[in-house]
$ cat final30.txt   # compact mmCIF, C-alpha atoms and all ligand atoms
# COMPACT_ATOMS: atom_id res chain seq x y z
CA MET A 3 97.56 82.29 92.80
CA ASN A 4 95.48 82.86 95.93
CA SER A 5 96.28 85.41 98.63
CA LEU A 6 97.85 82.86 100.98
CA GLU A 7 100.27 81.73 98.30
CA LEU A 8 101.08 85.34 97.43
CA LEU A 9 101.78 86.24 101.05
CA SER A 10 103.89 83.16 101.60
CA GLU A 11 105.92 83.92 98.46
CA PHE A 12 106.39 87.47 99.71
CA GLU A 13 107.58 86.20 103.09
CA THR A 14 110.38 84.23 101.40
CA PHE A 15 111.18 87.13 99.09
CA LEU A 16 111.48 89.65 101.91
CA GLN A 17 113.52 87.29 104.06
CA LYS A 18 116.03 87.07 101.21
CA LYS A 19 116.13 90.86 100.87
CA LYS A 20 116.75 91.16 104.58
CA ASP A 21 119.53 88.58 104.41
CA THR A 22 121.33 90.71 101.83
CA GLY A 23 121.26 93.68 104.19
CA LYS A 24 118.37 95.61 102.63
CA LYS A 25 116.51 97.97 104.93
CA ILE A 26 112.75 97.69 104.73
CA ILE A 27 110.63 100.82 104.90
CA ALA A 28 106.86 100.41 105.22
CA PHE A 29 104.13 102.96 104.56
CA LEU A 30 100.39 103.05 104.09
CA GLY A 31 99.80 102.08 100.49
CA HIS A 32 98.82 105.43 99.06
CA ASP A 33 99.80 107.93 96.46
CA ASN A 34 102.62 110.48 96.02
CA ILE A 35 105.34 108.61 97.92
CA PRO A 36 108.66 108.97 96.03
CA ILE A 37 109.59 105.31 96.24
CA GLU A 38 112.42 105.90 93.75
CA LEU A 39 114.20 107.98 96.39
CA LEU A 40 113.78 105.13 98.88
CA GLU A 41 115.07 102.59 96.37
CA ALA A 42 118.08 104.76 95.54
CA ALA A 43 118.98 104.60 99.23
CA ASP A 44 118.89 100.81 98.92
CA PHE A 45 115.66 100.51 100.91
CA PHE A 46 112.91 98.11 99.94
CA PRO A 47 109.59 100.04 99.90
CA LEU A 48 106.84 97.94 101.45
CA ARG A 49 103.32 99.13 100.77
CA MET A 50 100.80 98.25 103.46
CA ILE A 51 98.13 96.85 101.16
CA PHE A 52 96.69 94.10 103.34
CA ALA A 53 93.01 93.83 104.18
CA GLY A 54 91.94 93.64 107.80
CA ASP A 55 89.70 91.47 109.96
CA ASP A 56 87.90 91.74 113.33
CA GLN A 57 90.92 90.90 115.45
CA LEU A 58 93.20 93.32 113.64
CA MET A 59 90.66 96.15 113.85
CA ASN A 60 89.89 95.53 117.53
CA SER A 61 93.52 95.55 118.52
CA SER A 62 93.70 99.24 117.57
CA ASN A 63 91.08 100.27 120.13
CA THR A 64 93.74 100.95 122.78
CA TYR A 65 95.15 103.68 120.57
CA LEU A 66 92.38 105.10 118.41
CA PRO A 67 88.60 105.61 118.59
CA PRO A 68 86.51 103.02 116.69
CA SER A 69 85.55 105.84 114.31
CA THR A 70 88.95 105.47 112.59
CA CYS A 71 88.94 103.88 109.14
CA SER A 72 88.96 100.10 109.29
CA PHE A 73 92.02 99.80 107.08
CA ALA A 74 94.07 102.10 109.29
CA GLN A 75 92.83 100.27 112.40
CA SER A 76 93.92 96.97 110.87
CA CYS A 77 97.37 98.35 110.02
CA ILE A 78 97.90 98.98 113.74
CA GLY A 79 96.81 95.40 114.41
CA TYR A 80 99.41 94.13 111.97
CA PHE A 81 102.13 95.62 114.18
CA THR A 82 100.66 95.03 117.63
CA LEU A 83 99.01 91.59 117.55
CA THR A 84 101.24 88.70 118.54
CA PRO A 85 102.00 86.40 116.94
CA ARG A 86 102.14 88.67 113.91
CA THR A 87 99.54 87.96 111.23
CA HIS A 88 102.27 88.50 108.63
CA LYS A 89 105.65 87.45 109.97
CA PHE A 90 107.43 89.48 107.28
CA LEU A 91 106.38 92.69 109.01
CA GLU A 92 108.97 91.86 111.68
CA TYR A 93 111.60 92.69 109.06
CA VAL A 94 110.48 96.33 108.81
CA ASP A 95 113.17 98.82 109.87
CA TYR A 96 111.49 102.17 109.24
CA PHE A 97 107.99 103.57 108.86
CA LEU A 98 107.21 106.43 106.51
CA LEU A 99 104.48 108.82 107.63
CA SER A 100 102.61 110.83 105.05
CA ASN A 101 99.58 113.10 105.24
CA HIS A 102 97.55 111.29 102.62
CA CYS A 103 94.73 111.51 105.16
CA VAL A 104 94.41 112.08 108.91
CA SER A 105 94.35 108.32 109.54
CA ASP A 106 97.66 107.93 107.72
CA ILE A 107 99.31 110.44 110.06
CA CYS A 108 97.84 108.98 113.28
CA VAL A 109 98.45 105.37 112.37
CA SER A 110 102.02 105.90 111.15
CA GLU A 111 102.83 107.73 114.41
CA ILE A 112 101.34 104.94 116.49
CA ILE A 113 102.97 102.10 114.56
CA SER A 114 106.43 103.64 114.68
CA ASP A 115 105.95 104.20 118.41
CA VAL A 116 104.59 100.80 119.45
CA ALA A 117 106.81 98.81 117.09
CA ASP A 118 109.81 100.97 117.97
CA LEU A 119 110.55 101.88 114.35
CA LYS A 120 112.40 104.99 113.27
CA ARG A 121 109.84 107.26 111.63
CA LEU A 122 110.44 109.36 108.55
CA ASP A 123 107.94 112.07 107.62
CA PHE A 124 106.90 113.15 104.16
CA TYR A 125 104.18 115.77 103.77
CA VAL A 126 102.38 116.32 100.49
CA PRO A 127 100.57 119.57 99.62
CA TYR A 128 96.82 119.57 99.07
CA TYR A 129 97.09 122.05 96.21
CA ARG A 130 98.57 122.08 92.78
CA ASN A 131 100.23 125.41 92.13
CA GLU A 132 103.68 126.92 92.08
CA ASN A 133 104.02 127.05 95.86
CA ALA A 134 102.82 123.46 96.22
CA SER A 135 105.53 122.33 93.80
CA LYS A 136 108.15 124.28 95.77
CA TYR A 137 106.91 122.70 98.97
CA TYR A 138 107.00 119.22 97.46
CA LYS A 139 110.62 119.85 96.45
CA ILE A 140 111.48 120.89 100.03
CA GLU A 141 109.90 117.71 101.35
CA LEU A 142 111.87 115.61 98.85
CA THR A 143 115.10 117.28 99.96
CA ASN A 144 114.24 116.86 103.64
CA LEU A 145 113.47 113.19 103.14
CA LYS A 146 116.71 112.66 101.25
CA ASN A 147 118.67 114.42 104.02
CA GLU A 148 116.96 112.36 106.72
CA ILE A 149 117.73 109.12 104.92
CA GLU A 150 121.34 110.13 104.32
CA LYS A 151 121.71 110.90 108.02
CA LEU A 152 120.39 107.42 108.83
CA THR A 153 122.47 105.49 106.33
CA ARG A 154 125.50 107.80 106.42
CA GLU A 155 125.65 107.49 102.68
CA ARG A 156 124.92 110.03 100.01
CA ILE A 157 122.08 109.24 97.62
CA PRO A 158 123.45 110.02 94.14
CA ASP A 159 121.08 111.64 91.66
CA TYR A 160 121.85 109.03 89.02
CA LYS A 161 120.52 106.28 91.29
CA ILE A 162 117.22 108.11 91.73
CA ARG A 163 116.97 108.60 87.98
CA ASP A 164 117.75 104.93 87.34
CA SER A 165 115.01 103.94 89.74
CA ILE A 166 112.54 106.34 88.07
CA ILE A 167 113.25 104.71 84.71
CA LYS A 168 112.98 101.21 86.21
CA GLN A 169 109.67 101.98 87.93
CA ASN A 170 108.40 103.70 84.80
CA ASP A 171 109.10 100.63 82.66
CA PHE A 172 107.41 98.47 85.26
CA LYS A 173 104.28 100.63 85.25
CA LYS A 174 104.05 100.11 81.48
CA VAL A 175 103.84 96.36 82.06
CA VAL A 176 101.14 96.89 84.70
CA LYS A 177 99.29 99.04 82.18
CA ASP A 178 99.53 96.18 79.67
CA ILE A 179 97.81 93.96 82.24
CA SER A 180 94.91 96.40 82.32
CA ASN A 181 94.40 95.82 78.58
CA LEU A 182 94.28 92.03 78.79
CA LYS A 183 90.95 90.38 78.06
CA ILE A 184 90.86 88.44 81.31
CA LYS A 185 88.53 88.60 84.29
CA GLY A 186 88.79 91.54 86.66
CA TYR A 187 89.34 89.05 89.46
CA GLU A 188 92.56 87.85 87.78
CA LYS A 189 93.70 91.38 86.99
CA LEU A 190 93.36 92.42 90.60
CA LYS A 191 95.57 89.54 91.74
CA LEU A 192 98.23 90.65 89.25
CA TYR A 193 97.99 94.30 90.28
CA GLN A 194 98.32 93.32 93.93
CA LYS A 195 101.38 91.23 93.21
CA ALA A 196 102.90 94.05 91.16
CA MET A 197 102.42 96.60 93.90
CA LEU A 198 103.79 94.31 96.57
CA PHE A 199 106.93 93.07 94.83
CA GLY A 200 107.55 95.99 92.46
CA PRO A 201 109.84 95.52 89.42
CA ASN A 202 111.23 92.32 90.98
CA VAL A 203 108.35 90.49 89.30
CA GLN A 204 108.57 92.29 85.97
CA PRO A 205 109.82 89.26 83.95
CA GLU A 206 107.04 87.10 85.39
CA LEU A 207 104.37 89.71 84.59
CA GLU A 208 105.77 90.20 81.08
CA ARG A 209 105.43 86.47 80.46
CA ILE A 210 101.82 86.57 81.64
CA VAL A 211 101.09 89.55 79.38
CA GLU A 212 102.67 87.76 76.42
CA LYS A 213 100.66 84.60 77.09
CA HIS A 214 97.31 86.38 77.20
CA ARG A 215 97.93 89.35 74.89
CA ASP A 216 96.17 88.12 71.78
CA HIS A 217 93.51 86.01 73.44
CA ASN A 218 90.06 87.05 74.38
CA GLU A 219 89.50 84.96 77.49
CA ILE A 220 86.34 86.55 78.72
CA ASN A 221 82.91 87.01 77.22
CA LEU A 222 81.86 90.30 78.78
CA LYS A 223 78.23 89.60 77.85
CA GLU A 224 78.14 86.89 80.50
CA TYR A 225 78.79 89.34 83.32
CA LYS A 226 77.54 92.50 84.93
CA ASN A 227 80.43 94.79 84.14
CA LEU A 228 81.57 97.18 86.82
CA LEU A 229 83.97 100.01 87.35
CA LEU A 230 85.46 99.93 90.83
CA THR A 231 86.26 103.26 92.41
CA GLY A 232 86.86 104.57 95.93
CA CYS A 233 89.10 102.53 98.20
CA SER A 234 91.33 99.82 96.78
CA ILE A 235 90.61 96.16 97.33
CA PHE A 236 93.58 95.03 99.40
CA ILE A 237 95.24 91.63 99.56
CA ASP A 238 93.13 88.87 101.13
CA ASP A 239 89.89 90.85 101.03
CA PHE A 240 86.82 88.66 100.46
CA LEU A 241 85.06 91.50 98.61
CA ILE A 242 86.42 90.48 95.22
CA ASP A 243 85.08 86.93 95.78
CA LEU A 244 81.64 88.30 96.60
CA ILE A 245 81.60 90.37 93.41
CA ASP A 246 82.77 87.38 91.40
CA GLU A 247 80.25 84.98 92.94
CA SER A 248 77.44 87.48 92.29
CA GLY A 249 78.16 87.48 88.55
CA GLY A 250 80.06 90.76 88.55
CA ASN A 251 83.23 91.52 86.65
CA ILE A 252 85.37 94.60 87.24
CA VAL A 253 86.48 95.97 83.89
CA HIS A 254 88.30 98.99 85.32
CA PHE A 255 89.99 99.53 88.67
CA ASP A 256 89.78 103.28 89.17
CA THR A 257 91.65 102.95 92.45
CA TRP A 258 95.18 103.30 93.76
CA ILE A 259 95.71 99.56 93.16
CA GLY A 260 94.97 99.89 89.46
CA HIS A 261 94.59 102.89 87.18
CA GLN A 262 95.94 105.55 89.54
CA TYR A 263 99.19 103.61 89.77
CA TYR A 264 99.84 102.73 86.13
CA SER A 265 98.53 106.03 84.76
CA GLN A 266 101.50 107.89 86.24
CA ILE A 267 103.88 107.00 83.43
CA PHE A 268 106.45 109.43 82.01
CA SER A 269 106.71 109.58 78.23
CA GLN A 270 110.10 108.90 76.66
CA GLU A 271 110.17 112.51 75.54
CA THR A 272 109.73 113.75 79.13
CA LEU A 273 112.42 111.41 80.40
CA GLU A 274 114.84 112.71 77.80
CA LYS A 275 113.91 116.36 78.31
CA ILE A 276 114.07 116.34 82.11
CA GLN A 277 117.33 114.89 83.36
CA ASP A 278 117.09 116.10 86.97
CA PRO A 279 115.37 113.29 88.94
CA TYR A 280 113.84 115.72 91.45
CA LYS A 281 112.22 117.67 88.63
CA LEU A 282 110.76 114.42 87.34
CA LEU A 283 109.30 113.55 90.74
CA ILE A 284 107.85 117.05 91.02
CA LYS A 285 106.35 116.77 87.55
CA ARG A 286 104.66 113.54 88.50
CA PHE A 287 103.25 115.17 91.63
CA GLU A 288 101.95 118.11 89.56
CA THR A 289 100.17 115.90 87.06
CA ASN A 290 98.69 113.50 89.59
CA VAL A 291 95.23 115.03 89.83
CA TYR A 292 93.06 111.90 89.93
CA GLY A 293 94.09 110.51 93.30
CA ASP A 294 92.00 110.91 96.43
CA HIS A 295 94.59 113.06 98.23
CA CYS A 296 92.03 115.84 97.97
CA ILE A 297 93.20 118.66 95.79
CA SER A 298 91.18 121.38 94.14
CA HIS A 299 88.51 119.83 91.88
CA SER A 300 89.51 116.26 92.80
CA LEU A 301 85.89 115.09 92.83
CA GLU A 302 85.21 116.63 89.43
CA ASN A 303 88.43 115.12 88.07
CA GLN A 304 87.44 111.70 89.36
CA ILE A 305 83.92 111.95 87.89
CA ASN A 306 85.22 113.13 84.50
CA SER A 307 87.70 110.29 84.39
CA ILE A 308 84.95 107.75 85.18
CA ILE A 309 82.62 109.18 82.53
CA ASN A 310 85.43 109.10 79.97
CA TYR A 311 86.05 105.44 80.73
CA ILE A 312 82.34 104.55 80.50
CA ASN A 313 82.01 106.37 77.17
CA GLN A 314 85.06 104.61 75.80
CA PHE A 315 83.68 101.24 76.92
CA LYS A 316 80.36 102.03 75.19
CA LYS A 317 82.17 102.88 71.98
CA GLU A 318 84.17 99.65 72.04
CA ASN A 319 81.20 97.49 73.12
CA PRO A 320 78.13 99.08 71.46
CA ASN A 321 75.79 96.13 72.06
CA MET A 322 76.41 95.78 75.73
CA GLU A 323 74.87 97.09 78.92
CA ASP A 324 76.54 100.18 80.36
CA VAL A 325 79.23 99.76 82.96
CA ALA A 326 77.89 100.44 86.47
CA VAL A 327 79.98 101.98 89.24
CA LEU A 328 80.80 100.30 92.51
CA ASN A 329 82.13 102.87 94.95
CA HIS A 330 84.00 100.91 97.60
CA ILE A 331 84.17 102.83 100.85
CA ILE A 332 86.12 101.47 103.77
CA LYS A 333 84.14 102.58 106.79
CA PHE A 334 85.21 105.97 108.19
CA CYS A 335 87.59 106.58 105.28
CA ASP A 336 88.35 110.32 105.55
CA HIS A 337 88.13 110.79 101.82
CA PHE A 338 85.50 108.54 100.32
CA SER A 339 83.00 108.53 103.22
CA LEU A 340 82.75 112.29 103.08
CA PHE A 341 82.03 112.61 99.39
CA GLN A 342 79.90 109.55 98.80
CA SER A 343 76.47 111.20 98.53
CA THR A 344 77.62 113.99 96.22
CA PHE A 345 79.63 111.53 94.17
CA LYS A 346 76.63 109.24 93.67
CA GLN A 347 74.27 112.08 92.89
CA LYS A 348 76.58 113.62 90.30
CA LEU A 349 77.05 110.33 88.48
CA GLN A 350 73.35 109.46 88.63
CA GLU A 351 72.60 112.82 87.04
CA LYS A 352 74.68 111.58 84.10
CA GLY A 353 72.68 108.36 83.92
CA VAL A 354 75.26 106.12 85.61
CA LYS A 355 74.13 103.44 88.07
CA VAL A 356 76.10 103.65 91.31
CA LEU A 357 76.37 101.53 94.43
CA ASN A 358 78.03 103.16 97.43
CA LEU A 359 79.26 100.11 99.28
CA GLU A 360 80.44 101.14 102.73
CA ARG A 361 81.89 98.42 104.90
CA ASP A 362 84.39 97.51 107.55
CA TYR A 363 86.49 94.35 107.64
CA SER A 364 84.33 92.36 110.07
CA ARG A 365 83.37 88.85 108.98
CA ALA A 366 79.81 89.51 110.21
CA MET A 367 79.39 92.01 107.37
CA ARG A 368 79.95 89.40 104.71
CA GLY A 369 76.29 88.32 104.46
CA GLN A 370 75.06 91.90 104.32
CA LEU A 371 77.60 92.84 101.66
CA ARG A 372 76.64 89.84 99.56
CA THR A 373 72.96 90.82 99.72
CA ARG A 374 73.70 94.40 98.69
CA ILE A 375 75.96 93.37 95.82
CA GLU A 376 73.47 90.79 94.54
CA ALA A 377 70.63 93.34 94.73
CA PHE A 378 72.73 95.81 92.73
CA MET A 379 73.51 93.17 90.12
CA GLU A 380 69.78 92.45 89.76
CA MET A 381 69.12 96.14 89.32
CA ILE A 382 71.68 96.59 86.52
S1 LIG A 401 91.01 106.99 105.67
FE1 LIG A 401 90.81 106.24 103.54
S2 LIG A 401 92.56 107.11 102.52
FE2 LIG A 401 93.00 107.15 104.74
S3 LIG A 401 94.01 105.24 105.33
FE3 LIG A 401 91.87 104.90 105.55
S4 LIG A 401 91.22 104.00 103.57
FE4 LIG A 401 93.16 105.02 103.22

$ encode --input "final30.txt" --output "C-alpha cells"
Amino acid sequence: MNSLELLSEFETFLQKKKDTGKKIIAFLGHDNIPIELLEAADFFPLRMIFAGDDQLMNSSNTYLPPSTCSFAQSCIGYFTLTPRTHKFLEYVDYFLLSNHCVSDICVSEIISDVADLKRLDFYVPYYRNENASKYYKIELTNLKNEIEKLTRERIPDYKIRDSIIKQNDFKKVVKDISNLKIKGYEKLKLYQKAMLFGPNVQPELERIVEKHRDHNEINLKEYKNLLLTGCSIFIDDFLIDLIDESGGNIVHFDTWIGHQYYSQIFSQETLEKIQDPYKLLIKRFETNVYGDHCISHSLENQINSIINYINQFKKENPNMEDVAVLNHIIKFCDHFSLFQSTFKQKLQEKGVKVLNLERDYSRAMRGQLRTRIEAFMEMI
C-alpha cells in the first residue's frame, strides 16, 4: 500500500468515526502522551505523523522563524493551507500540546489558535526521579479533569485500564512485525499504518504477521543493512524510497515510529500486579528512558541501545557486514540537531559507521540527499 492509498483509507476511516460522534484530538506524534486516557474519554487520538513539503513549510513563516524544525513548520501548514492537504484534519476537535520539545509547544499553540481548536496541555518532566513521577501524576489528573470538564462526563478508571490492555496487546502485534523477515521499506509502511489507525487495524496486522511469520522473504546479503535512528520517517516522505533505491535496507527503526513505540509493553505480571491505571501510566513514563525527550543520560541510553542491537545482529548474522547507522535529522530539530556531532563521534569510537543526514522537506534537497546516501552506501 502506498502513502496515497493509506491516507485515502484513513480519510474514510476518520469520517466514519466522526459520523458516530467521536471527538478527534490531534497532537504532534511524539512520546509520553497517555493516549489511553484520551481513548477512555471516547476521543480518537490522531498522531501528526505526516511528512512536509515546500508549500507546507513556507506557510508557517507568518508565525515562526525559518529556523524552526521543518516537521513542526509543516504541521502548521497542514492547518493553515487551503484547501487542506489532508481533508481529514478538518475533523479535528481538539489539539493536545506537550513539551516534547520547544517546537511542539509553539506549534501546538499556533495551530489551536489559527484553527480555532480547544487546546489541552500536558507537560512531561525532563527527569526520572520521585518528584518527576509525582509531577507526571499531577499532569495526568489535570488532563483528566480538563477532559471531564469538556465532555461533562466522568472518565471511569476501568475504561482507562481497558484501553491500556488493548493498546498493550496491539503493541505486541507491532513488535511481531519488527521480527518479520521482510524489507525495512515494508515494515515502515506497516508501522505507519499501525500508529495512524491504532488497534482498529489489529486484525489486519495479525493476518499479515501470520502470512509472513515463517518465511524468510529477504536476503540480507543483497543489501547494505542500516539502523535508522534520530527523527522518524513520517508518512509520504520520499526518504525511504531514496534509501531503498540506493540499495539500503533498514533492519531496525530506532525511532518513535518503530522500536520506541513497541518497546513500551507491560508484562502480564505487571498488568496483574498493578491494577490502578494511573500507576501503570506512571510506570511506563518511568521506564521510558530511550526516547528523545531529553532526560538524564538519554544520549548514553540511546547509544547503548544501538550498540546492543548491532551486537545482537552480528551474533545472528556472523558472516555479514556490520549494520551502519543512519541518523535522520529533520533540520532544526531541537533534539537531534544539537547532539549530532557527539552522537556520531561516540559511535565511531566504537567502530560503527554513521551518517548524520540532516535535511528539510524541500523537493530541491532530493538530489543532494540521494548523493549523500549513495556515497554512504559505497563507503559501507
Ligand atoms: S524539533 Fe524534533 S522532536 Fe521537536 S517537533 Fe521537530 S522533529 Fe519533533

$ residues_around --input "final30.txt" --residues "range 263-268 of chain A" --least-positions-apart "4" --cutoff "7 Å" --atoms "all atoms listed in the file" --output "list in words"
Asn170, Lys173, Lys174, Val176, Lys177, Trp258, Ile259, Thr272, Leu273 and Arg286 of chain A

$ write_last_selection --input "final30.txt" --atoms "C-alpha atoms" --output "short mmCIF file (atom, residue, chain, number, x, y, z; two decimals), in the frame of the given file"
data_model
loop_
_atom_site.label_atom_id
_atom_site.label_comp_id
_atom_site.auth_asym_id
_atom_site.auth_seq_id
_atom_site.Cartn_x
_atom_site.Cartn_y
_atom_site.Cartn_z
CA ASN A 170 108.40 103.70 84.80
CA LYS A 173 104.28 100.63 85.25
CA LYS A 174 104.05 100.11 81.48
CA VAL A 176 101.14 96.89 84.70
CA LYS A 177 99.29 99.04 82.18
CA TRP A 258 95.18 103.30 93.76
CA ILE A 259 95.71 99.56 93.16
CA THR A 272 109.73 113.75 79.13
CA LEU A 273 112.42 111.41 80.40
CA ARG A 286 104.66 113.54 88.50
#

$ closest_atom_pairs --input "final30.txt" --of "chain A" --to "ligand LIG 401 (chain A)" --cutoff "10 Å" --atoms "all atoms listed in the file" --output "JSON lines"
{"residue": "A:Leu30", "atom": "CA", "partner": "A:LIG401", "partner_atom": "S3", "distance": 6.9}
{"residue": "A:Gly31", "atom": "CA", "partner": "A:LIG401", "partner_atom": "FE4", "distance": 7.8}
{"residue": "A:His32", "atom": "CA", "partner": "A:LIG401", "partner_atom": "FE4", "distance": 7.0}
{"residue": "A:Asp33", "atom": "CA", "partner": "A:LIG401", "partner_atom": "S2", "distance": 9.5}
{"residue": "A:Met50", "atom": "CA", "partner": "A:LIG401", "partner_atom": "S3", "distance": 9.9}
{"residue": "A:Ile51", "atom": "CA", "partner": "A:LIG401", "partner_atom": "FE4", "distance": 9.8}
{"residue": "A:Thr70", "atom": "CA", "partner": "A:LIG401", "partner_atom": "S1", "distance": 7.4}
{"residue": "A:Cys71", "atom": "CA", "partner": "A:LIG401", "partner_atom": "FE3", "distance": 4.7}
{"residue": "A:Ser72", "atom": "CA", "partner": "A:LIG401", "partner_atom": "FE3", "distance": 6.7}
{"residue": "A:Phe73", "atom": "CA", "partner": "A:LIG401", "partner_atom": "FE3", "distance": 5.3}
{"residue": "A:Ala74", "atom": "CA", "partner": "A:LIG401", "partner_atom": "S3", "distance": 5.1}
{"residue": "A:Gln75", "atom": "CA", "partner": "A:LIG401", "partner_atom": "FE3", "distance": 8.3}
{"residue": "A:Ser76", "atom": "CA", "partner": "A:LIG401", "partner_atom": "FE3", "distance": 9.8}
{"residue": "A:Cys77", "atom": "CA", "partner": "A:LIG401", "partner_atom": "S3", "distance": 9.0}
{"residue": "A:Asn101", "atom": "CA", "partner": "A:LIG401", "partner_atom": "FE2", "distance": 8.9}
{"residue": "A:His102", "atom": "CA", "partner": "A:LIG401", "partner_atom": "FE2", "distance": 6.5}
{"residue": "A:Cys103", "atom": "CA", "partner": "A:LIG401", "partner_atom": "FE2", "distance": 4.7}
{"residue": "A:Val104", "atom": "CA", "partner": "A:LIG401", "partner_atom": "FE2", "distance": 6.6}
{"residue": "A:Ser105", "atom": "CA", "partner": "A:LIG401", "partner_atom": "FE2", "distance": 5.1}
{"residue": "A:Asp106", "atom": "CA", "partner": "A:LIG401", "partner_atom": "S3", "distance": 5.1}
{"residue": "A:Ile107", "atom": "CA", "partner": "A:LIG401", "partner_atom": "S3", "distance": 8.8}
{"residue": "A:Cys108", "atom": "CA", "partner": "A:LIG401", "partner_atom": "S3", "distance": 9.6}
{"residue": "A:Val109", "atom": "CA", "partner": "A:LIG401", "partner_atom": "S3", "distance": 8.3}
{"residue": "A:Ser110", "atom": "CA", "partner": "A:LIG401", "partner_atom": "S3", "distance": 9.9}
{"residue": "A:Gly232", "atom": "CA", "partner": "A:LIG401", "partner_atom": "FE1", "distance": 8.7}
{"residue": "A:Cys233", "atom": "CA", "partner": "A:LIG401", "partner_atom": "S4", "distance": 6.0}
{"residue": "A:Ser234", "atom": "CA", "partner": "A:LIG401", "partner_atom": "S4", "distance": 8.0}
{"residue": "A:Trp258", "atom": "CA", "partner": "A:LIG401", "partner_atom": "FE4", "distance": 9.8}
{"residue": "A:Gly293", "atom": "CA", "partner": "A:LIG401", "partner_atom": "S2", "distance": 9.9}
{"residue": "A:Asp294", "atom": "CA", "partner": "A:LIG401", "partner_atom": "S2", "distance": 7.2}
{"residue": "A:His295", "atom": "CA", "partner": "A:LIG401", "partner_atom": "S2", "distance": 7.6}
{"residue": "A:Cys296", "atom": "CA", "partner": "A:LIG401", "partner_atom": "S2", "distance": 9.9}
{"residue": "A:His330", "atom": "CA", "partner": "A:LIG401", "partner_atom": "S4", "distance": 9.9}
{"residue": "A:Ile331", "atom": "CA", "partner": "A:LIG401", "partner_atom": "S4", "distance": 7.6}
{"residue": "A:Ile332", "atom": "CA", "partner": "A:LIG401", "partner_atom": "S4", "distance": 5.7}
{"residue": "A:Lys333", "atom": "CA", "partner": "A:LIG401", "partner_atom": "S4", "distance": 7.9}
{"residue": "A:Phe334", "atom": "CA", "partner": "A:LIG401", "partner_atom": "S1", "distance": 6.4}
{"residue": "A:Cys335", "atom": "CA", "partner": "A:LIG401", "partner_atom": "S1", "distance": 3.5}
{"residue": "A:Asp336", "atom": "CA", "partner": "A:LIG401", "partner_atom": "S1", "distance": 4.3}
{"residue": "A:His337", "atom": "CA", "partner": "A:LIG401", "partner_atom": "FE1", "distance": 5.6}
{"residue": "A:Phe338", "atom": "CA", "partner": "A:LIG401", "partner_atom": "FE1", "distance": 6.6}
{"residue": "A:Ser339", "atom": "CA", "partner": "A:LIG401", "partner_atom": "FE1", "distance": 8.1}

$ residues_around --input "final30.txt" --residues "Phe345 in chain A" --least-positions-apart "6" --cutoff "10 Å" --atoms "only C-alpha atoms" --output "mmCIF file with C-alpha atoms, in the coordinates of the input"
data_model
loop_
_atom_site.group_PDB
_atom_site.id
_atom_site.type_symbol
_atom_site.label_atom_id
_atom_site.label_comp_id
_atom_site.auth_asym_id
_atom_site.auth_seq_id
_atom_site.Cartn_x
_atom_site.Cartn_y
_atom_site.Cartn_z
ATOM 1 C CA LEU A 301 85.890 115.090 92.830
ATOM 2 C CA GLU A 302 85.210 116.630 89.430
ATOM 3 C CA GLN A 304 87.440 111.700 89.360
ATOM 4 C CA ILE A 305 83.920 111.950 87.890
ATOM 5 C CA ASN A 329 82.130 102.870 94.950
ATOM 6 C CA PHE A 338 85.500 108.540 100.320
ATOM 7 C CA VAL A 356 76.100 103.650 91.310
ATOM 8 C CA ASN A 358 78.030 103.160 97.430
#

$ closest_residue --input "final30.txt" --among "A:Glu288, A:Asp324, A:Asp243, A:Asp362" --to "Tyr138 in chain A" --atoms "all atoms listed in the file"
A:Glu288

$ closest_residue --input "final30.txt" --among "A:Phe97, A:Glu323, A:Phe378, A:Pro279" --to "Thr143 in chain A" --atoms "only C-alpha atoms"
A:Pro279

$ atom_distance --input "final30.txt" --atom1 "CA of Leu230 in chain A" --atom2 "CA of Tyr187 in chain A"
11.6 Å

$ atom_distance --input "final30.txt" --atom1 "CA of Gly249 in chain A" --atom2 "CA of Arg368 in chain A"
16.4 Å

$ atom_distance --input "final30.txt" --atom1 "CA of Leu222 in chain A" --atom2 "CA of Asn321 in chain A"
10.8 Å

$ closest_atom_pairs --input "final30.txt" --of "range 42-88 of chain A" --to "range 19-26 of chain A" --cutoff "7 Å" --atoms "all atoms listed in the file" --output "Markdown table"
| residue | atom | partner | partner_atom | distance |
| --- | --- | --- | --- | --- |
| A:Asp44 | CA | A:Lys24 | CA | 6.4 |
| A:Phe45 | CA | A:Lys25 | CA | 4.8 |
| A:Phe46 | CA | A:Ile26 | CA | 4.8 |
| A:Pro47 | CA | A:Ile26 | CA | 6.2 |
| A:Leu48 | CA | A:Ile26 | CA | 6.8 |

$ write_last_selection --input "final30.txt" --atoms "C-alpha atoms" --output "PDB file, keeping the file's coordinate frame"
ATOM      1  CA  ASP A  44     118.890 100.810  98.920  1.00  0.00           C
ATOM      2  CA  PHE A  45     115.660 100.510 100.910  1.00  0.00           C
ATOM      3  CA  PHE A  46     112.910  98.110  99.940  1.00  0.00           C
ATOM      4  CA  PRO A  47     109.590 100.040  99.900  1.00  0.00           C
ATOM      5  CA  LEU A  48     106.840  97.940 101.450  1.00  0.00           C
TER       6      LEU A  48
END

$ closest_residue --input "final30.txt" --among "A:Glu38, A:Glu13, A:Glu208, A:Asp55" --to "Met367 in chain A" --atoms "all atoms listed in the file"
A:Asp55

$ residues_around --input "final30.txt" --residues "Thr84 in chain A" --least-positions-apart "5" --cutoff "12 Å" --atoms "all atoms listed in the file" --output "number ranges by chain"
A: 57-58, 61, 78-79, 89, 91-92, 117

$ write_last_selection --input "final30.txt" --atoms "C-alpha atoms" --output "PDB file, keeping the file's coordinate frame"
ATOM      1  CA  GLN A  57      90.920  90.900 115.450  1.00  0.00           C
ATOM      2  CA  LEU A  58      93.200  93.320 113.640  1.00  0.00           C
ATOM      3  CA  SER A  61      93.520  95.550 118.520  1.00  0.00           C
ATOM      4  CA  ILE A  78      97.900  98.980 113.740  1.00  0.00           C
ATOM      5  CA  GLY A  79      96.810  95.400 114.410  1.00  0.00           C
ATOM      6  CA  LYS A  89     105.650  87.450 109.970  1.00  0.00           C
ATOM      7  CA  LEU A  91     106.380  92.690 109.010  1.00  0.00           C
ATOM      8  CA  GLU A  92     108.970  91.860 111.680  1.00  0.00           C
ATOM      9  CA  ALA A 117     106.810  98.810 117.090  1.00  0.00           C
TER      10      ALA A 117
END

$ closest_residue --input "final30.txt" --among "A:Thr289, A:Thr64, A:Ser114, A:Ser307" --to "Thr257 in chain A" --atoms "only C-alpha atoms"
A:Ser307
